[in-house]
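These notes are about the structure you will find just below.
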Amino acid sequence: MSSGDRPFPQIEGRLEDARLLFGRGRYVDDLPVATGTLHAAFARSSHGHAKIAGVDKSAALAIDGVVAVFTAADLAAVLDPFPSIVRGAPEYRGIAADKARYVGEPVAIVLARDRYVAEDGVSALDIAYEALPAVTDVDAAAQSTAPLLHESFGTNVVWKNQYRYGDPETAFRNADRIVGIDLKFPKYNSTPLETYGVIAEYLPETDGYVIHGNFQGPFSLMPVLARALRVPDSRVRVIVPQDIGGSFGNKAMVYPYMGLIAACARLAKRPVKWIEDRAEHLLGSASGTDRNSRIEAAISNDGRVHAIRMDIRENVGAYLRAPEPSCVMRSLTTFSGPYRIESGAIEAACVLTNTLPTGLNRGYGGQQYMFSLERLMDAIARETGIDRLDVRRRNFLKVAEFPYLTTTGSYYDSGDYENCLGHALEHLRNEGWERTRNRLRAEGRLVGIGVATCVHSAASNIGYVTLALSPEERARKGYNTKSGTNDFAQIALDPSGRLRVQIGTAGAGQGHATAVAQIVAREFGLGVRDVDVIDRIDTETTPWTITTGTYASRFSVVVGGAVQRAAVRLAGHLRDIASYLLNAPTDQLDIVDGVIKVRNSNRSLSLRQLAGATQWNRGDLPDDLVQLHVSESYGASNLRSPDSENRVNAAATYGFMADFAMVEIDPITFVPRVLKYIAVHDVGVPINSQLIRGQIAGGIVHGIGGALYEHLDYDENGQMMSASFMDYLCPTASEAPEMVIDHFDTRSPFTALGVKGCGENSAMSAPAAIASAVDDALATFKTLISELPITPPAIWRHVAGAQ
Amino acid sequence: MKPAPFKYVEVADEDALAAALAEYGDEASLLAGGQSLVPMMNFRVVSPEVIIDLNRIDALSYIDCREDTLRIGALTRHAMLEDSDALSRRCPLLSKAVGNVAHRAVRNRGTTGGTLALAYPGAEIPLALMTLGADIVLRSQREERRVGIGDFILGSLDTALAEDEYIRHVEVELPPPDSIVSFVETSRRHGDFAIAVAAVVAARNDDGQLSFLHIGVSGGVGAPVRVTKLEQMIVGSDLDDQVIAEGIHETISEIEVFGDHHYPEDFRRHVIQGVLRRALNEAIVGSERRHVQ
């Protein structure tokens with residue numbers, strides 16, 4: 001049996017747990033700092049939109065312990081704007097210069113001997129604001145009469161583009177019916193336990209920087225940082241600490257702060273440390289986008305969808321900062337979801353408003369789009385009278401169609417949507433959901449069941465970012481084409497015979513080390529704890545690519561693939577050496593339980609003996625044998641750059657999710673509660689069910705947060721109405737439902753391990769499933785929930801409006 | 001989120017506390033549980049120049065259940081109320097109310113005096129005390145005085161506590177021993193501040209008539225409201241559902257309700273009526289059942 005067919009060895013718990021659970025994690029705040037390190041605190045705008053007439057530093061500088069106060073003008077001596085993906089986009093410096101454009105925007109940085117004194121300095125700054133009218137609604141901001149965030153740019157519509165696939169015009173002309181809905185998806189966040197942290201130092205001897213930061217990647221943002229700091233890429237050394245306390249995309253956007261703090265260190269000629277506090281994080285880190293959209297389907301009477309028309313207005317906040325406008329790309333490249341929709345016309349615009357600028361947020365355009373598509377499927381069911389599940393089944397791709405090339409160029413590797421949904425339905429029946437719903441309804445309670453079926457793209461192709469440009473721009477001479485996703489892994493047999501793997505994932509607690517140990521252990525017939533894994537990034541010494549990082553659920557596909565390759569190659573070298581030492585052909589050698597055995601013989605060598613021979617007695621071995629250290633890279637297959645029709649394979653793999661939610665709404669207070677949730681997902685090949693289960697449970701609760709509770713809510717003046725955990729409501733354990741999590745996997749033919757990524761999962765599908773359940777609960781009122789979060793006042797308005 | 005510099009004074013007994021308050025008065029804040037004060041200081045929403053820490057004054061932490069009254073020391077932790085069997089037997093409204101205060105970790109530190117002095121709108125313990133009827137005993141170096149709770153809580157975050165005064169204890173009028181209580185709160189998540197909350201205590205006389213009825217509501221109304229008008233309408237009546245519903249609607253329409261960005265006024269008013277209906281129904285049905293037994 002080839003190792004590829006053996007199951008992965010498992011352990012209870014994770015290798016990381018002992019360290020993390022006993023308080024021995026090493027986060028950025030735990031790092032020792034050089035004597036003389038200064039501590040930074042930010043003065044942040046209290047206005048949504050205002051001219052900054054002046055910053056009087058005198059009182060702050062007079063405080064004992066305050067060493068410096070820097071504004072944009074000071075930092076401009078060493079820091080340029082961060083380059084954008086979109087040429088000519090308004091300048092983004094990470095700190096306000098002449099104008100503040102959102103509440104929480106940095107306006108000045110105080111450096112002091114400790115954080116307390118630094119905050120005293122911030123309180124003592126006298127900043128003169130002249131308030132300007134603000135705009136926070138994306139459609140209002142797109143109007144020509146809206147207050148302009150960047151006068152010289154002339155409009156708040158910072159980017160727009162159109163995409164056409166197949167023949168949507170004909171499909172709409174010939175449709176039996178057109179079903180359309182308008183939707184609003186809200187602005188919210190992930191809320192990692194650990195906030196941003198940066199420790200930076202400038203090295204005058206090399207004109208370079210050393211920056212410790214809990215940055216999760218993508219490392220395509222490294223050149224952006226280097227350009228802003230005015231040094232070559234190789235002169236920015238970024239060290240990601242051993243542990244990051246959660247990220248979920250949010251810590252991609254620590255890079256502007258890395259630039260600001262590094263620039264402060266250079267001007268102050270001392271290292272500078274900044275640990276973001278929770279208030280700052282809510283106001284000034286990054287968030288997902290909110291989106292107003294209209295989506296229409298051209299359907300035949302049997303519910304089959306032939307084309308989609310969609311108009312997206314995406315709120316990217318006060319600045320378009322890299323990697324936006326990538327937030328809309330999942331909505332383009334996988335607009336057909338799990339369905340056979342052969343044509344589409346999509347218009348997408350990114351609009352600036354006086355709100356927190358956006359970035360990666362678990363799902364990154366996935367939840368926004370799946371909400372639209374799945375609400376549309378429910379609307380089609382309602383209009384045609386066809387059952388919600390049947391509408392989906394009639395449109396599902398069938399097993400025999402895979403690998404399936406969508407009209408946008410996405411190449412779906414494998415899937416069995418019908419049976420995955422069937423499996424979820426079995427759970428629903430076994431758990432007696434419909435019986436429970438009927439019983440509760442008989443008691444006068446408002447209870448509903450909802451569904452969402454979604455494709456989960458994973459391991460994104462960096463090429464999709466370039467859909468922001470037109471084909472003509474991409475074809476221009478001098479333009480650097482982009483495509484692919486790849487990563488490195490190193491594996492070595494140390495002198496004592498122990499296997500050590502080195503990866504650089506910028507992981508944030510997902511359990512990467514455990515999964516990697518399992519992959520390697522399988523190759524050598526070892527136990528998981530027999531393998532050591534170092535997951536660390538120091539851009540000076542760790543091999544990395546510009547796609548390195550943990551995002552787009554890529555780890556198991558890309559890093560897993562690199563680890564598998566490295567393990568196989570190392571095993572090959574071991575056989576070569578063992579072949580010599582045991583005097584047997586390599587094809588007669590098996591590696592079992594960490595021992596290399598000659599088949600049908602009792603001749604064998606332990607890894608320890610083999611390592612010893614190679615280290616201590618290398619000279620007596622043939623010259624052409626190599627040392628037991630391997631560095632491998634792995635690039636996912638089928639990931640080309642976009643073509644001239646804007647077609648691109650967005651991701652390396654495509655999983656699937658069949659989710660059911662049961663929701664109850666209190667008929668008097670209208671407080672909604674998710675009672676139960678079923679998630680049956682296709683992850684290709686599971687490496688570790690515990691890890692996957694943890695990811696999906698977390699994704700479900702995160703999705704519940706977006707559907708019911710979490711909202712970065714601004715009033716019309718740009719004031720933040722959810723600036724603390726009193727108003728920004730994260731679901732707690734008490735809000736988590738009973739969950740049934742199961743798999744229905746179809747192996748990927750394209751990845752080294754057959755895996756598909758799974759980190760984002762129900763964070764993307766749950767908002768749609770819950771909206772679907774609320775509609776079912778409120779069926780007598782004929783609601784079609786098209787806006788989130790679904791709050792008690794919102795439900796009351798639906799119900800009161802219907803009565 | 002670091003507080004501004006402050007002077008820290010720790011006091012070991014009531015005399016020291018009164019003296020410290022006399023000295024620092026308007027510059028000082030009292031630190032008991034700190035569950036509201038400390039976050040406000042960290043946000044720099046308040047920056048008192050002096051913090052007087054009274055956590056060592058054990059003499060102010062007690063629950064004293066008597067025949068008709070109950071005395072609770074100002075420094076009594078919510079958790080102590082929650083865990084008290086005597087309280088759950090003799091004053092179940094307060095027991096139920098305290099279980100709704102935030103989460104257990106907060107209840108381990110928060111105090112009766114603290115929650116009264118803050119008078120946060122929608123707070124559970126002030127509502128329960130207002131519904132039961134209570135006097136607050138205040139002390140300063142100048143004098144000791146007693147204020148009815150209706151005169152102590154003046155509005156949202158507004159009390160009659162003078163700058164040099166502290167709360168010694170609360171004296172609660174206990175309802176009849178066989179009374180039924182109902183405490184209905186609605187919030188977004190478990191442990192959150194209330195959107196609306198209703199408290200009802202009911203008891204019947206020997207003839208099965210509803211003879212004792214106290215009703216209180218809170219959440220978007222400023223100070224908690226004892227709805228005496230509704231009590232009078234219901235006591236001694238036929239307890240007709242329709243009449244009660246109309247009575248609720250009428251009396252709640254007369255109360256000033258404050259809306260905000262998250263919960264508009266009309267929504268709050270609707271929900272206050274809803275929780276009150278639920279609480280009244282529970283208490284009326286429960287008291288009937290109790291009477292029959």
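Residues are referred to by chain and number: the chain letter is A, B, ... according to the order shown in the structure tokens, the number counts from 1 in that chain, and ligands are numbered separately from 1 in the order shown.
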Interface residues on chain B facing chain A, 12 Å, only C-alpha atoms, written as a PyMOL selection string: chain B and resi 1-6+36+39-40+42-45+47+102-103+184-197+259-278
With N, CA and C atoms kept, could you save the residues just selected as a tab-separated table (two decimals), in the first residue's frame?
chain	number	residue	atom	x	y	z
B	1	MET	N	-6.04	51.62	26.50
B	1	MET	CA	-7.02	51.61	27.58
B	1	MET	C	-6.33	51.57	28.93
B	2	LYS	N	-5.54	52.58	29.20
B	2	LYS	CA	-4.91	52.71	30.51
B	2	LYS	C	-5.50	53.96	31.17
B	3	PRO	N	-5.77	53.89	32.46
B	3	PRO	CA	-6.39	55.04	33.10
B	3	PRO	C	-5.40	56.19	33.25
B	4	ALA	N	-5.96	57.37	33.48
B	4	ALA	CA	-5.14	58.53	33.80
B	4	ALA	C	-4.60	58.36	35.22
B	5	PRO	N	-3.53	59.08	35.55
B	5	PRO	CA	-2.97	58.92	36.90
B	5	PRO	C	-3.99	59.28	37.98
B	6	PHE	N	-3.95	58.58	39.10
B	6	PHE	CA	-4.86	58.89	40.21
B	6	PHE	C	-4.18	58.58	41.53
B	36	SER	N	-17.90	48.40	36.95
B	36	SER	CA	-18.25	49.50	36.04
B	36	SER	C	-17.19	50.58	36.09
B	39	PRO	N	-13.57	49.73	34.06
B	39	PRO	CA	-13.62	49.92	32.61
B	39	PRO	C	-13.81	51.38	32.22
B	40	MET	N	-14.64	52.11	32.96
B	40	MET	CA	-14.83	53.52	32.61
B	40	MET	C	-13.54	54.30	32.78
B	42	ASN	N	-10.54	52.95	32.46
B	42	ASN	CA	-9.62	52.51	31.41
B	42	ASN	C	-9.95	53.17	30.08
B	43	PHE	N	-11.23	53.39	29.82
B	43	PHE	CA	-11.63	54.10	28.60
B	43	PHE	C	-11.41	55.60	28.73
B	44	ARG	N	-11.06	56.03	29.95
B	44	ARG	CA	-10.93	57.46	30.26
B	44	ARG	C	-12.24	58.21	30.06
B	45	VAL	N	-13.34	57.50	30.22
B	45	VAL	CA	-14.66	58.13	30.24
B	45	VAL	C	-14.81	58.92	31.55
B	47	SER	N	-12.16	60.11	34.88
B	47	SER	CA	-10.78	60.14	35.38
B	47	SER	C	-10.75	60.78	36.76
B	102	ALA	N	-25.29	40.29	34.63
B	102	ALA	CA	-24.07	39.95	33.89
B	102	ALA	C	-23.76	38.45	33.97
B	103	HIS	N	-22.50	38.14	34.30
B	103	HIS	CA	-22.06	36.76	34.41
B	103	HIS	C	-21.50	36.54	35.81
B	184	VAL	N	-38.88	38.89	34.59
B	184	VAL	CA	-38.73	38.58	33.17
B	184	VAL	C	-37.85	39.64	32.52
B	185	GLU	N	-36.75	39.18	32.00
B	185	GLU	CA	-35.82	40.11	31.37
B	185	GLU	C	-35.58	39.71	29.93
B	186	THR	N	-35.45	40.67	29.06
B	186	THR	CA	-35.05	40.33	27.70
B	186	THR	C	-33.78	41.09	27.34
B	187	SER	N	-32.88	40.36	26.76
B	187	SER	CA	-31.62	40.96	26.32
B	187	SER	C	-31.17	40.21	25.08
B	188	ARG	N	-30.16	40.74	24.40
B	188	ARG	CA	-29.72	40.11	23.15
B	188	ARG	C	-29.03	38.79	23.41
B	189	ARG	N	-28.14	38.80	24.38
B	189	ARG	CA	-27.41	37.59	24.72
B	189	ARG	C	-27.55	37.36	26.21
B	190	HIS	N	-27.25	36.13	26.59
B	190	HIS	CA	-27.23	35.79	28.01
B	190	HIS	C	-26.26	36.72	28.73
B	191	GLY	N	-26.75	37.38	29.77
B	191	GLY	CA	-25.87	38.21	30.58
B	191	GLY	C	-25.76	39.66	30.14
B	192	ASP	N	-26.36	40.02	29.02
B	192	ASP	CA	-26.27	41.41	28.55
B	192	ASP	C	-27.14	42.34	29.38
B	193	PHE	N	-26.87	43.62	29.23
B	193	PHE	CA	-27.77	44.62	29.80
B	193	PHE	C	-29.16	44.41	29.23
B	194	ALA	N	-30.16	44.71	30.05
B	194	ALA	CA	-31.54	44.44	29.64
B	194	ALA	C	-32.02	45.43	28.59
B	195	ILE	N	-32.77	44.93	27.64
B	195	ILE	CA	-33.53	45.81	26.76
B	195	ILE	C	-34.77	46.25	27.52
B	196	ALA	N	-35.43	45.29	28.15
B	196	ALA	CA	-36.59	45.60	28.99
B	196	ALA	C	-36.68	44.52	30.05
B	197	VAL	N	-37.16	44.92	31.22
B	197	VAL	CA	-37.25	43.94	32.30
B	197	VAL	C	-38.43	44.30	33.20
B	259	GLY	N	-35.61	56.06	23.51
B	259	GLY	CA	-35.05	55.22	22.46
B	259	GLY	C	-33.61	55.62	22.20
B	260	ASP	N	-32.88	54.78	21.51
B	260	ASP	CA	-31.52	55.13	21.10
B	260	ASP	C	-31.23	54.51	19.74
B	261	HIS	N	-30.00	54.61	19.33
B	261	HIS	CA	-29.63	54.13	18.00
B	261	HIS	C	-29.96	52.65	17.81
B	262	HIS	N	-29.78	51.87	18.88
B	262	HIS	CA	-29.96	50.43	18.73
B	262	HIS	C	-31.41	50.00	18.93
B	263	TYR	N	-32.10	50.63	19.86
B	263	TYR	CA	-33.48	50.23	20.18
B	263	TYR	C	-34.37	51.46	20.18
B	264	PRO	N	-35.13	51.66	19.10
B	264	PRO	CA	-35.99	52.84	19.03
B	264	PRO	C	-37.09	52.81	20.10
B	265	GLU	N	-37.61	53.99	20.40
B	265	GLU	CA	-38.57	54.12	21.49
B	265	GLU	C	-39.78	53.21	21.31
B	266	ASP	N	-40.35	53.17	20.09
B	266	ASP	CA	-41.57	52.37	19.93
B	266	ASP	C	-41.29	50.87	20.13
B	267	PHE	N	-40.10	50.45	19.74
B	267	PHE	CA	-39.76	49.05	19.97
B	267	PHE	C	-39.64	48.77	21.46
B	268	ARG	N	-38.94	49.63	22.16
B	268	ARG	CA	-38.77	49.42	23.60
B	268	ARG	C	-40.11	49.38	24.32
B	269	ARG	N	-40.95	50.30	23.95
B	269	ARG	CA	-42.25	50.37	24.62
B	269	ARG	C	-43.00	49.06	24.38
B	270	HIS	N	-42.95	48.58	23.16
B	270	HIS	CA	-43.61	47.32	22.83
B	270	HIS	C	-43.05	46.19	23.67
B	271	VAL	N	-41.73	46.14	23.81
B	271	VAL	CA	-41.11	45.03	24.54
B	271	VAL	C	-41.36	45.15	26.04
B	272	ILE	N	-41.36	46.37	26.57
B	272	ILE	CA	-41.67	46.53	28.00
B	272	ILE	C	-43.06	45.96	28.27
B	273	GLN	N	-44.01	46.31	27.42
B	273	GLN	CA	-45.37	45.76	27.58
B	273	GLN	C	-45.34	44.24	27.52
B	274	GLY	N	-44.58	43.73	26.60
B	274	GLY	CA	-44.51	42.29	26.42
B	274	GLY	C	-43.96	41.57	27.63
B	275	VAL	N	-42.84	42.04	28.16
B	275	VAL	CA	-42.26	41.35	29.32
B	275	VAL	C	-43.15	41.53	30.55
B	276	LEU	N	-43.81	42.68	30.62
B	276	LEU	CA	-44.69	42.91	31.76
B	276	LEU	C	-45.89	41.97	31.70
B	277	ARG	N	-46.44	41.81	30.53
B	277	ARG	CA	-47.56	40.88	30.35
B	277	ARG	C	-47.15	39.49	30.77
B	278	ARG	N	-45.99	39.09	30.33
B	278	ARG	CA	-45.48	37.76	30.65
B	278	ARG	C	-45.28	37.61	32.16
Contacts of Asp80 of chain A within 8 Å, only C-alpha atoms, excl. fewer than 2 positions in-chain, as JSON, numbers by chain: {"A": [76, 78, 82, 93, 227, 228, 229, 230]}
Residue set, segment 93-160 of chain A restricted to alpha helix (DSSP H), as number ranges by chain: A: 115-124, 138-142
Any chance you could export the current selection's N, CA, C and O atoms as a PDB file, in the first residue's frame?
ATOM      1  N   ARG A 115       3.243  52.538  28.385  1.00  0.00           N
ATOM      2  CA  ARG A 115       1.969  52.770  27.695  1.00  0.00           C
ATOM      3  C   ARG A 115       1.079  53.729  28.473  1.00  0.00           C
ATOM      4  O   ARG A 115       0.314  54.504  27.883  1.00  0.00           O
ATOM      5  N   TYR A 116       1.146  53.685  29.808  1.00  0.00           N
ATOM      6  CA  TYR A 116       0.326  54.598  30.611  1.00  0.00           C
ATOM      7  C   TYR A 116       0.685  56.044  30.287  1.00  0.00           C
ATOM      8  O   TYR A 116      -0.192  56.886  30.046  1.00  0.00           O
ATOM      9  N   VAL A 117       1.985  56.320  30.322  1.00  0.00           N
ATOM     10  CA  VAL A 117       2.431  57.690  30.052  1.00  0.00           C
ATOM     11  C   VAL A 117       2.121  58.068  28.603  1.00  0.00           C
ATOM     12  O   VAL A 117       1.734  59.208  28.316  1.00  0.00           O
ATOM     13  N   ALA A 118       2.274  57.106  27.704  1.00  0.00           N
ATOM     14  CA  ALA A 118       1.962  57.403  26.294  1.00  0.00           C
ATOM     15  C   ALA A 118       0.496  57.819  26.153  1.00  0.00           C
ATOM     16  O   ALA A 118       0.176  58.744  25.412  1.00  0.00           O
ATOM     17  N   GLU A 119      -0.393  57.139  26.877  1.00  0.00           N
ATOM     18  CA  GLU A 119      -1.809  57.511  26.793  1.00  0.00           C
ATOM     19  C   GLU A 119      -2.070  58.848  27.469  1.00  0.00           C
ATOM     20  O   GLU A 119      -2.938  59.616  27.042  1.00  0.00           O
ATOM     21  N   ASP A 120      -1.339  59.150  28.538  1.00  0.00           N
ATOM     22  CA  ASP A 120      -1.447  60.493  29.131  1.00  0.00           C
ATOM     23  C   ASP A 120      -1.066  61.536  28.072  1.00  0.00           C
ATOM     24  O   ASP A 120      -1.704  62.592  27.960  1.00  0.00           O
ATOM     25  N   GLY A 121      -0.025  61.199  27.309  1.00  0.00           N
ATOM     26  CA  GLY A 121       0.399  62.105  26.239  1.00  0.00           C
ATOM     27  C   GLY A 121      -0.695  62.296  25.203  1.00  0.00           C
ATOM     28  O   GLY A 121      -0.965  63.407  24.741  1.00  0.00           O
ATOM     29  N   VAL A 122      -1.351  61.201  24.842  1.00  0.00           N
ATOM     30  CA  VAL A 122      -2.441  61.295  23.871  1.00  0.00           C
ATOM     31  C   VAL A 122      -3.545  62.204  24.402  1.00  0.00           C
ATOM     32  O   VAL A 122      -4.058  63.058  23.674  1.00  0.00           O
ATOM     33  N   SER A 123      -3.904  62.041  25.687  1.00  0.00           N
ATOM     34  CA  SER A 123      -4.957  62.883  26.273  1.00  0.00           C
ATOM     35  C   SER A 123      -4.574  64.344  26.263  1.00  0.00           C
ATOM     36  O   SER A 123      -5.439  65.225  26.203  1.00  0.00           O
ATOM     37  N   ALA A 124      -3.274  64.610  26.336  1.00  0.00           N
ATOM     38  CA  ALA A 124      -2.814  65.999  26.429  1.00  0.00           C
ATOM     39  C   ALA A 124      -2.649  66.673  25.068  1.00  0.00           C
ATOM     40  O   ALA A 124      -2.392  67.876  24.991  1.00  0.00           O
ATOM     41  N   VAL A 138     -23.222  53.088   1.696  1.00  0.00           N
ATOM     42  CA  VAL A 138     -22.463  52.886   0.461  1.00  0.00           C
ATOM     43  C   VAL A 138     -23.180  53.479  -0.755  1.00  0.00           C
ATOM     44  O   VAL A 138     -22.540  54.059  -1.637  1.00  0.00           O
ATOM     45  N   ASP A 139     -24.505  53.378  -0.794  1.00  0.00           N
ATOM     46  CA  ASP A 139     -25.214  53.944  -1.946  1.00  0.00           C
ATOM     47  C   ASP A 139     -25.237  55.463  -1.881  1.00  0.00           C
ATOM     48  O   ASP A 139     -25.116  56.137  -2.904  1.00  0.00           O
ATOM     49  N   ALA A 140     -25.388  55.994  -0.683  1.00  0.00           N
ATOM     50  CA  ALA A 140     -25.351  57.457  -0.541  1.00  0.00           C
ATOM     51  C   ALA A 140     -23.986  57.990  -0.948  1.00  0.00           C
ATOM     52  O   ALA A 140     -23.872  59.024  -1.601  1.00  0.00           O
ATOM     53  N   ALA A 141     -22.934  57.267  -0.569  1.00  0.00           N
ATOM     54  CA  ALA A 141     -21.575  57.728  -0.871  1.00  0.00           C
ATOM     55  C   ALA A 141     -21.285  57.706  -2.359  1.00  0.00           C
ATOM     56  O   ALA A 141     -20.462  58.475  -2.848  1.00  0.00           O
ATOM     57  N   ALA A 142     -21.979  56.840  -3.100  1.00  0.00           N
ATOM     58  CA  ALA A 142     -21.723  56.733  -4.537  1.00  0.00           C
ATOM     59  C   ALA A 142     -22.386  57.857  -5.325  1.00  0.00           C
ATOM     60  O   ALA A 142     -22.075  58.066  -6.495  1.00  0.00           O
TER      61      ALA A 142
END
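Counting only C-alpha atoms, the residue from B:Ala19, B:Leu37, B:Ile51, B:Leu174 that sits nearest to Cys91 of chain B is B:Leu174.
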Long-range neighbours of Cys65 of chain B as a ChimeraX atom specification, 8 Å cut-off, only C-alpha atoms, 3 positions minimum in chain: /B:69-71,86-87,90
Restrict the selected residues to C-alpha atoms and save them as a PDB file, in the first residue's frame.
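Output file part-v4.pdb is given in full below:
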ATOM      1  CA  THR B  69     -37.438  43.300  56.572  1.00  0.00           C
ATOM      2  CA  LEU B  70     -34.153  42.423  55.052  1.00  0.00           C
ATOM      3  CA  ARG B  71     -30.936  44.337  55.498  1.00  0.00           C
ATOM      4  CA  ALA B  86     -32.259  32.362  53.177  1.00  0.00           C
ATOM      5  CA  LEU B  87     -32.648  35.001  50.495  1.00  0.00           C
ATOM      6  CA  ARG B  90     -37.550  34.830  51.988  1.00  0.00           C
TER       7      ARG B  90
END
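One finds atom CA of Gly699 of chain A at 14.7 Å from atom CA of Asp682 of chain A.
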Backbone DSSP call of strand (DSSP E or B) for segment 628-711 of chain A, listed as number ranges by chain: A: 629-635, 651-665, 672-682
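Here atom CA of Leu94 of chain B stands at a distance of 24.0 Å from atom CA of Arg139 of chain B.
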